[in-house]
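Engineer: Sharing work_0.tsv (TSV, C-alpha atoms and all ligand atoms) below.
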```tsv
chain	number	residue	atom	x	y	z
A	1	MET	CA	86.58	99.96	100.04
A	2	LEU	CA	88.40	97.55	102.28
A	3	SER	CA	87.36	93.94	102.18
A	4	GLY	CA	86.70	92.14	105.46
A	5	SER	CA	89.97	90.22	105.27
A	6	GLU	CA	92.07	93.34	104.61
A	7	ALA	CA	90.42	95.14	107.45
A	8	GLY	CA	90.62	92.36	110.03
A	9	ASP	CA	88.17	93.08	112.82
A	10	ILE	CA	87.87	96.72	111.75
A	11	PRO	CA	84.46	97.56	110.25
A	12	GLU	CA	84.47	97.59	106.47
A	13	HIS	CA	84.22	101.38	106.15
A	14	LEU	CA	87.04	102.13	108.58
A	15	ASP	CA	90.68	102.30	107.63
A	16	GLN	CA	93.69	103.22	109.73
A	17	PRO	CA	96.39	104.44	107.37
A	18	GLY	CA	97.49	107.15	109.77
A	19	GLY	CA	98.89	104.50	112.12
A	20	GLU	CA	97.64	103.04	115.35
A	21	TYR	CA	94.35	104.16	116.78
A	22	PRO	CA	94.55	105.92	120.13
A	23	ASP	CA	94.32	103.31	122.87
A	24	ASP	CA	91.04	102.82	124.66
A	25	ASN	CA	92.30	104.70	127.72
A	26	ALA	CA	92.61	107.90	125.72
A	27	ALA	CA	88.85	107.98	125.27
A	28	ASP	CA	88.32	107.28	128.98
A	29	GLU	CA	90.60	110.17	129.95
A	30	ASN	CA	88.60	112.51	127.74
A	31	ASP	CA	85.42	111.50	129.49
A	32	GLU	CA	86.92	112.16	132.91
A	33	ASN	CA	87.78	115.72	131.93
A	34	GLY	CA	84.12	116.62	132.33
A	35	GLU	CA	83.29	120.29	131.80
A	36	ASP	CA	86.46	121.22	129.95
A	37	THR	CA	86.09	118.62	127.24
A	38	ALA	CA	82.33	119.19	127.09
A	39	LYS	CA	82.92	122.80	126.06
A	40	GLY	CA	85.58	122.02	123.49
A	41	GLU	CA	88.33	123.68	125.53
A	42	ASP	CA	90.48	120.57	125.61
A	43	THR	CA	92.03	121.52	122.29
A	44	ALA	CA	94.60	118.72	122.24
A	45	ASN	CA	91.90	116.06	121.98
A	46	ARG	CA	89.36	117.74	119.73
A	47	VAL	CA	87.91	115.51	117.02
A	48	VAL	CA	86.54	116.69	113.69
A	49	LEU	CA	84.81	114.73	110.95
A	50	VAL	CA	85.47	116.17	107.46
A	51	THR	CA	83.39	114.72	104.62
A	52	GLY	CA	84.92	114.80	101.16
A	53	GLY	CA	88.26	115.16	102.93
A	54	GLY	CA	90.10	113.15	100.28
A	55	SER	CA	90.47	116.00	97.76
A	56	GLY	CA	90.34	119.73	97.12
A	57	ILE	CA	88.81	121.96	99.80
A	58	GLY	CA	88.22	119.04	102.17
A	59	GLU	CA	91.85	117.95	101.93
A	60	ALA	CA	93.12	121.48	102.66
A	61	THR	CA	90.70	121.67	105.58
A	62	CYS	CA	92.05	118.42	107.03
A	63	ARG	CA	95.61	119.79	106.79
A	64	ARG	CA	94.67	123.12	108.35
A	65	LEU	CA	92.73	121.58	111.24
A	66	ARG	CA	95.44	119.00	111.90
A	67	ALA	CA	98.01	121.83	112.08
A	68	GLU	CA	95.76	123.38	114.74
A	69	GLY	CA	95.84	120.15	116.75
A	70	TRP	CA	92.57	118.49	115.76
A	71	ASN	CA	92.22	114.72	115.40
A	72	VAL	CA	90.71	114.26	111.96
A	73	GLY	CA	88.30	111.66	110.57
A	74	ILE	CA	88.29	111.79	106.76
A	75	ALA	CA	84.99	110.53	105.33
A	76	ASP	CA	85.16	110.04	101.59
A	77	ARG	CA	83.85	107.57	99.05
A	78	ASP	CA	87.26	107.66	97.35
A	79	VAL	CA	89.39	105.07	99.15
A	80	ALA	CA	92.73	106.25	97.75
A	81	GLY	CA	92.08	109.92	98.51
A	82	ALA	CA	90.86	109.22	102.04
A	83	ARG	CA	93.87	107.03	102.78
A	84	ARG	CA	96.38	109.49	101.33
A	85	VAL	CA	95.04	112.40	103.39
A	86	ALA	CA	94.66	110.26	106.52
A	87	ASN	CA	98.33	109.28	106.22
A	88	GLU	CA	99.34	112.89	105.81
A	89	VAL	CA	97.39	114.23	108.79
A	90	ASP	CA	97.78	111.12	110.93
A	91	GLY	CA	94.00	110.77	110.87
A	92	ILE	CA	91.48	108.03	110.20
A	93	ALA	CA	90.04	107.23	106.78
A	94	LEU	CA	86.33	106.45	106.81
A	95	VAL	CA	85.35	105.11	103.43
A	96	VAL	CA	81.71	106.05	103.08
A	97	ASP	CA	79.12	107.38	100.65
A	98	VAL	CA	77.50	110.25	102.58
A	99	GLY	CA	74.27	109.59	100.70
A	100	ASP	CA	73.85	106.29	102.53
A	101	PRO	CA	72.45	107.00	106.02
A	102	ALA	CA	73.26	103.57	107.46
A	103	ARG	CA	76.90	103.75	106.35
A	104	VAL	CA	77.22	107.30	107.70
A	105	GLU	CA	75.90	106.18	111.09
A	106	ALA	CA	78.32	103.26	111.15
A	107	ALA	CA	81.26	105.50	110.22
A	108	VAL	CA	80.37	108.04	112.93
A	109	ALA	CA	80.04	105.23	115.50
A	110	SER	CA	83.50	103.96	114.53
A	111	LEU	CA	85.05	107.43	114.86
A	112	VAL	CA	83.51	107.82	118.32
A	113	ARG	CA	84.70	104.35	119.35
A	114	ARG	CA	88.26	105.34	118.44
A	115	PHE	CA	88.39	108.91	119.78
A	116	GLY	CA	85.56	108.94	122.30
A	117	ARG	CA	83.92	112.12	121.02
A	118	ILE	CA	83.13	114.41	118.08
A	119	ASP	CA	83.60	118.17	118.52
A	120	ALA	CA	83.07	119.35	114.97
A	121	LEU	CA	81.60	118.34	111.64
A	122	VAL	CA	82.57	119.78	108.26
A	123	ASN	CA	79.94	118.74	105.71
A	124	ASN	CA	82.06	119.33	102.63
A	125	ALA	CA	81.39	116.39	100.27
A	126	GLY	CA	79.67	117.61	97.15
A	127	VAL	CA	79.24	117.05	93.43
A	128	GLY	CA	78.06	119.26	90.60
A	129	ASN	CA	77.58	119.28	86.86
A	130	LEU	CA	77.27	121.80	84.05
A	131	LYS	CA	74.54	121.65	81.40
A	132	ARG	CA	71.26	123.25	80.47
A	133	LEU	CA	68.44	122.74	82.97
A	134	GLU	CA	66.37	120.50	80.68
A	135	GLU	CA	69.35	118.35	79.66
A	136	TYR	CA	70.01	116.88	83.11
A	137	THR	CA	68.88	113.28	83.44
A	138	PRO	CA	66.85	112.29	86.52
A	139	ALA	CA	69.83	110.20	87.68
A	140	GLU	CA	72.16	113.23	87.48
A	141	VAL	CA	69.72	115.40	89.42
A	142	ASP	CA	69.26	112.64	91.97
A	143	LEU	CA	73.03	112.30	92.52
A	144	ILE	CA	73.51	116.05	93.04
A	145	TRP	CA	70.65	116.11	95.53
A	146	ARG	CA	71.72	112.92	97.26
A	147	VAL	CA	75.33	113.96	97.91
A	148	ASN	CA	74.91	117.67	98.64
A	149	VAL	CA	71.60	117.71	100.53
A	150	ALA	CA	70.88	114.19	101.82
A	151	GLY	CA	74.59	113.73	102.55
A	152	THR	CA	74.67	116.88	104.69
A	153	TYR	CA	71.45	115.84	106.41
A	154	ASN	CA	72.68	112.28	107.07
A	155	CYS	CA	75.89	113.52	108.70
A	156	LEU	CA	74.09	116.14	110.79
A	157	ARG	CA	71.70	113.51	112.07
A	158	ALA	CA	74.40	110.93	112.79
A	159	CYS	CA	76.56	113.46	114.68
A	160	ALA	CA	73.76	115.29	116.53
A	161	ALA	CA	74.04	113.61	119.92
A	162	HIS	CA	77.86	113.72	119.91
A	163	LEU	CA	77.94	117.41	118.97
A	164	ARG	CA	75.41	118.25	121.68
A	165	GLU	CA	77.53	116.40	124.21
A	166	SER	CA	80.73	118.21	123.22
A	167	GLY	CA	79.10	121.62	122.68
A	168	GLY	CA	80.52	121.48	119.17
A	169	ALA	CA	80.27	123.32	115.89
A	170	VAL	CA	79.31	122.51	112.30
A	171	VAL	CA	80.32	124.03	108.98
A	172	ASN	CA	78.25	123.08	105.94
A	173	MET	CA	79.56	123.67	102.43
A	174	ALA	CA	77.22	125.69	100.24
A	175	SER	CA	78.24	127.87	97.26
A	176	VAL	CA	77.61	131.26	95.69
A	177	SER	CA	75.48	129.19	93.29
A	178	GLY	CA	73.11	128.62	96.21
A	179	VAL	CA	72.84	132.38	96.76
A	180	ARG	CA	72.25	133.42	93.17
A	181	PRO	CA	71.70	131.15	90.14
A	182	THR	CA	74.61	130.10	87.95
A	183	GLN	CA	73.73	129.24	84.36
A	184	GLY	CA	74.12	125.52	83.74
A	185	GLU	CA	74.03	124.58	87.43
A	186	ALA	CA	70.28	124.47	88.15
A	187	PRO	CA	70.19	121.28	90.29
A	188	TYR	CA	73.44	122.26	92.05
A	189	SER	CA	72.15	125.79	92.78
A	190	ALA	CA	68.93	124.34	94.21
A	191	ALA	CA	70.88	121.82	96.29
A	192	LYS	CA	73.23	124.45	97.72
A	193	ALA	CA	70.29	126.74	98.52
A	194	ALA	CA	68.83	123.78	100.42
A	195	VAL	CA	72.12	123.41	102.33
A	196	ILE	CA	71.88	127.05	103.40
A	197	ALA	CA	68.27	126.47	104.56
A	198	LEU	CA	69.28	123.30	106.38
A	199	THR	CA	72.06	125.22	108.12
A	200	ARG	CA	69.55	127.76	109.46
A	201	SER	CA	67.16	125.05	110.67
A	202	ALA	CA	69.91	123.12	112.44
A	203	ALA	CA	71.28	126.33	114.02
A	204	LEU	CA	67.85	127.17	115.39
A	205	GLU	CA	67.09	123.69	116.68
A	206	TRP	CA	70.53	123.01	118.16
A	207	ALA	CA	71.15	126.35	119.87
A	208	PRO	CA	72.58	127.07	122.33
A	209	SER	CA	74.73	123.94	122.55
A	210	VAL	CA	75.83	123.54	118.91
A	211	ARG	CA	76.68	126.32	116.44
A	212	VAL	CA	75.89	125.63	112.78
A	213	ASN	CA	77.13	127.87	109.98
A	214	CYS	CA	77.89	127.50	106.32
A	215	VAL	CA	80.36	128.86	103.83
A	216	SER	CA	79.60	129.79	100.23
A	217	PRO	CA	82.75	129.95	98.14
A	218	GLY	CA	82.97	131.42	94.66
A	219	PHE	CA	85.30	129.83	92.13
A	220	ILE	CA	87.97	127.83	93.98
A	221	ARG	CA	90.51	125.97	91.89
A	222	THR	CA	90.19	122.25	92.71
A	223	PRO	CA	89.99	118.93	90.81
A	224	LEU	CA	86.21	119.57	90.61
A	225	ASN	CA	86.67	122.42	88.11
A	226	GLU	CA	90.18	121.90	86.76
A	227	MET	CA	88.73	121.54	83.25
A	228	LEU	CA	87.88	125.26	83.48
A	229	ALA	CA	90.65	126.69	85.67
A	230	GLY	CA	93.31	124.67	83.86
A	231	ASP	CA	92.58	126.48	80.59
A	232	PRO	CA	94.57	129.76	80.62
A	233	SER	CA	92.08	131.86	78.65
A	234	THR	CA	89.09	130.64	80.71
A	235	ARG	CA	91.05	131.30	83.89
A	236	ARG	CA	91.95	134.84	82.79
A	237	GLY	CA	88.27	135.49	82.01
A	238	LEU	CA	87.23	134.27	85.45
A	239	GLU	CA	89.92	136.38	87.15
A	240	ARG	CA	88.89	139.47	85.21
A	241	ARG	CA	85.29	139.12	86.41
A	242	THR	CA	86.44	138.75	90.03
A	243	PRO	CA	87.03	142.03	91.91
A	244	SER	CA	89.89	140.37	93.85
A	245	ARG	CA	91.40	139.54	90.43
A	246	ARG	CA	92.28	135.97	91.34
A	247	LEU	CA	90.59	132.62	91.82
A	248	GLY	CA	90.13	131.42	95.37
A	249	SER	CA	92.46	128.81	96.81
A	250	VAL	CA	91.60	125.78	98.89
A	251	GLU	CA	93.61	127.36	101.71
A	252	ASP	CA	91.33	130.44	101.57
A	253	VAL	CA	88.33	128.21	102.28
A	254	ALA	CA	90.10	126.12	104.91
A	255	GLY	CA	90.90	129.34	106.77
A	256	VAL	CA	87.23	130.39	106.87
A	257	ILE	CA	86.19	126.91	108.02
A	258	SER	CA	88.80	127.07	110.77
A	259	PHE	CA	87.38	130.43	111.87
A	260	LEU	CA	83.81	129.07	111.93
A	261	LEU	CA	84.91	126.20	114.16
A	262	SER	CA	86.92	128.43	116.49
A	263	PRO	CA	85.83	130.42	119.56
A	264	ASP	CA	86.45	133.60	117.48
A	265	SER	CA	83.08	132.92	115.79
A	266	GLY	CA	81.47	131.91	119.09
A	267	TYR	CA	78.57	134.39	118.72
A	268	MET	CA	77.76	133.31	115.15
A	269	THR	CA	75.23	130.65	114.27
A	270	GLY	CA	72.92	130.07	111.30
A	271	GLN	CA	75.05	132.27	109.07
A	272	ASN	CA	76.17	131.82	105.49
A	273	LEU	CA	79.61	133.35	104.88
A	274	VAL	CA	80.10	134.20	101.22
A	275	MET	CA	83.77	134.16	100.18
A	276	ASP	CA	84.00	134.85	96.48
A	277	GLY	CA	86.59	137.58	95.89
A	278	GLY	CA	83.68	140.01	95.56
A	279	THR	CA	81.95	138.43	92.55
A	280	LEU	CA	78.49	138.83	94.07
A	281	LEU	CA	78.90	142.59	94.49
A	282	SER	CA	76.44	144.26	92.20
A	283	SER	CA	79.08	146.53	90.67
A	284	SER	CA	80.94	143.47	89.40
A	285	GLN	CA	77.87	142.62	87.30
A	286	MET	CA	77.92	145.89	85.38
A	287	ASP	CA	74.78	146.97	83.59
A	288	PRO	CA	75.65	146.51	79.88
A	289	VAL	CA	74.37	149.99	78.95
A	290	LEU	CA	76.49	151.70	81.61
A	291	GLY	CA	79.36	149.36	80.80
A	292	SER	CA	79.38	150.51	77.18
A	293	LEU	CA	80.00	154.11	78.33
A	294	ILE	CA	83.24	153.47	80.17
A	295	ASP	CA	86.69	152.21	79.43
A	296	PRO	CA	86.95	148.81	81.21
A	297	ASP	CA	90.74	149.22	81.50
A	298	ALA	CA	90.15	152.17	83.83
A	299	PHE	CA	88.93	149.66	86.40
A	300	GLU	CA	91.77	147.18	86.03
A	301	ALA	CA	93.62	146.35	89.25
A	302	LYS	CA	96.69	148.51	89.65
B	401	LIG	N1	85.68	124.27	93.86
B	401	LIG	C1	84.79	125.26	93.86
B	401	LIG	O1	84.90	126.23	93.10
B	401	LIG	C2	83.65	125.23	94.83
B	401	LIG	C3	82.88	126.39	94.97
B	401	LIG	C4	81.80	126.39	95.85
B	401	LIG	C5	81.51	125.26	96.58
B	401	LIG	N2	82.27	124.13	96.42
B	401	LIG	C6	81.91	122.96	97.21
B	401	LIG	O2	83.03	122.57	97.98
B	401	LIG	C7	82.96	121.18	98.25
B	401	LIG	C8	84.28	120.51	97.89
B	401	LIG	O3	84.49	120.66	96.52
B	401	LIG	P1	85.93	120.56	95.83
B	401	LIG	O4	85.98	121.63	94.82
B	401	LIG	O5	86.98	120.45	96.85
B	401	LIG	O6	85.72	119.18	95.03
B	401	LIG	P2	86.61	117.85	94.91
B	401	LIG	O7	85.98	117.07	93.83
B	401	LIG	O8	88.07	118.18	94.83
B	401	LIG	O9	86.34	117.14	96.32
B	401	LIG	C9	85.10	116.59	96.65
B	401	LIG	C10	85.32	115.35	97.50
B	401	LIG	O10	84.03	114.84	97.88
B	401	LIG	C11	84.06	113.42	97.73
B	401	LIG	N3	82.72	112.91	97.51
B	401	LIG	C12	81.92	113.11	96.43
B	401	LIG	N4	80.78	112.44	96.58
B	401	LIG	C13	80.85	111.80	97.79
B	401	LIG	C14	79.98	110.96	98.50
B	401	LIG	N5	78.79	110.59	97.99
B	401	LIG	N6	80.37	110.50	99.71
B	401	LIG	C15	81.56	110.84	100.23
B	401	LIG	N7	82.44	111.63	99.58
B	401	LIG	C16	82.08	112.10	98.38
B	401	LIG	C17	84.96	113.19	96.51
B	401	LIG	O11	85.44	111.85	96.47
B	401	LIG	C18	86.05	114.23	96.74
B	401	LIG	O12	87.09	113.70	97.54
B	401	LIG	C19	81.75	120.67	97.47
B	401	LIG	O13	80.63	120.59	98.32
B	401	LIG	C20	81.54	121.73	96.42
B	401	LIG	O14	80.21	121.78	95.97
B	401	LIG	C21	83.33	124.09	95.56
```
Starting from the coordinates I provided, produce the structure as structure tokens.
Ligand SMILES: NC(=O)c1ccc[n+]([C@@H]2O[C@H](COP(=O)([O-])OP(=O)(O)OC[C@H]3O[C@@H](n4cnc5c(N)ncnc54)[C@H](O)[C@@H]3O)[C@@H](O)[C@H]2O)c1
Structural biologist:
Amino acid sequence: MLSGSEAGDIPEHLDQPGGEYPDDNAADENDENGEDTAKGEDTANRVVLVTGGGSGIGEATCRRLRAEGWNVGIADRDVAGARRVANEVDGIALVVDVGDPARVEAAVASLVRRFGRIDALVNNAGVGNLKRLEEYTPAEVDLIWRVNVAGTYNCLRACAAHLRESGGAVVNMASVSGVRPTQGEAPYSAAKAAVIALTRSAALEWAPSVRVNCVSPGFIRTPLNEMLAGDPSTRRGLERRTPSRRLGSVEDVAGVISFLLSPDSGYMTGQNLVMDGGTLLSSSQMDPVLGSLIDPDAFEAK
């Protein structure tokens, strides 16, 4: 986190590695555009806040949205990651723990001061863990809940008025673990199920002005799970159990997020898009009795 002296008169949580902020007039011009900007049609000036944008899926999402012309605010607790990505996408690093509502509000206020608006929110910051249900400590459970659920809630609340004003869109990050349980991920599964529920509530309360959807990826290779994907035999096992016969990429997820923020999904709200290479399909979880009757190689991808 920046110290006061490093940051000058910039609030402590706000960094500007991507270069100069837009001048104050830029925000005024946006305001004067009236209807067009209010409906998100002024694509050149659209502003998105991506939490957890300093790594993995969030980083790829920042790159994808920048390539589409968005101005990007990267909210991450990791100073180095937020700065690196902000430099790359010419965005703004907001160093913030999404679990802290006051800091989230301050970060959102800073982003609005610089760009004059917020058109989209990607609630992507998340943490997980892997152990038996009864082995989690209360502090571990609390952290998973705080980042995934309270963090999503804090950002929704802080951005609500701005999203209503712009007629914006939200994508929350859930997981297939929130749709069906994954052994060893009990608190994470519960937290991601809560994110899906929160998505539906927000979609209902904020319609028709703001669309709110969520995405539930399967196994996506990122720093979060490199200890598994980086091991060749574990990776081959995961690929074999995936009908698409490969792990997901961060670009796969960024593409779905881009779609959910775009007018192409304009009639969708409150939905949870599962993108898992087909792992949730019932036939991929073969009944062991039936499975013993067939040659598994007959089903290998050609
Ligand atoms: N990788 C997968 O297989 C997978 C699958 C389903 C869902 N997800 C979800 O996707 C999201 C991104 O995961 P990833 O795999 O890219 O992980 P990652 O670890 O590469 O990135 C997560 C980012 O969130 C940031 N972060 C963590 N806690 C934070 C906090 N309190 N405040 C602000 N930032 C914080 C981290 O610093 C990091 O930059 C998470 O919500 C994760 O649960 C991942």
Engineer: Tell me which of A:Gly266, A:Pro288, A:Pro101, A:Pro138 sits closest to ligand LIG 401 (chain B), counting only C-alpha atoms and all ligand atoms.
Structural biologist: A:Pro101
Engineer: Just want the 7 Å neighbourhood of stretch 65-73 of chain A, counted on all atoms listed in the file, with same-chain residues fewer than 3 positions away dropped. Output as a list of chain:residue names.
Structural biologist: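 The residues that qualify are A:Thr43, A:Ala44, A:Asn45, A:Arg46, A:Val47, A:Val48, A:Leu49, A:Val50, A:Thr61, A:Cys62, A:Val89, A:Gly91, A:Ile92, A:Ala93, A:Leu94, A:Leu111, A:Ser258.
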Engineer: Report as a ChimeraX atom specification which protein, DNA and RNA residues come within 8 Å of ligand LIG 401 (chain B), using only C-alpha atoms and all ligand atoms.
Structural biologist: /A:51-59,75-78,81-82,95-100,123-128,146-148,151,173-177,188,192,216-225,248,250
Engineer: Could you tell me which of A:Asn87, A:Thr182, A:Asn213, A:Ser284 comes closest to A:Leu121 if we count all atoms listed in the file?
Structural biologist: A:Asn213
Engineer: Using all atoms listed in the file, which residue out of A:Leu130, A:Val179, A:Ile294, A:Leu247 lies closest to A:Arg235?
Structural biologist: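 Nearest to A:Arg235: A:Leu247.
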Engineer: Given all atoms listed in the file as the basis, pick out the residue of A:Ser265, A:Gln271, A:Thr242, A:Thr279 nearest to A:Val212.
Structural biologist: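 For A:Val212, the nearest of the given residues is A:Gln271.
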Engineer: Quick one: pull the distance between atom CA of A:Pro243 and atom CA of A:Ala194, Å, one decimal.
Structural biologist: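 Between atom CA of A:Pro243 and atom CA of A:Ala194 the gap works out to 27.1 Å.
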Engineer: Given the choices A:Glu185, A:Leu198, A:Leu163, A:Asn172, which gets closest to A:Ile144 if the distance is worked out from all atoms listed in the file?
Structural biologist: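 The closest residue to A:Ile144 is A:Glu185.
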Engineer: Between atom CA of A:Arg245 and atom CA of A:Val289, what distance in Å does the model show, to one decimal?
Structural biologist: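 Answer for the atom CA of A:Arg245 to atom CA of A:Val289 separation: 23.0 Å.
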Engineer: Compare A:Ala229, A:Ala202, A:Ala186, A:Leu260 by their minimum atom-to-atom distance to A:Arg132, counting only C-alpha atoms, and give me the closest one.
Structural biologist: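 Nearest candidate to A:Arg132 out of A:Ala229, A:Ala202, A:Ala186, A:Leu260: A:Ala186.
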Engineer: Using only C-alpha atoms, collect all residues at a distance of at most 9 Å from (72.6, 119.9, 115.7) as written in the file, then present them as a ChimeraX atom specification.
Structural biologist: /A:156-157,159-161,163-164,168-170,202-207,209-212
Engineer: Could you tell me how far atom CA of A:Gly184 lies from atom CA of A:Leu133, in Å and to one decimal?
Structural biologist: 6.4 Å
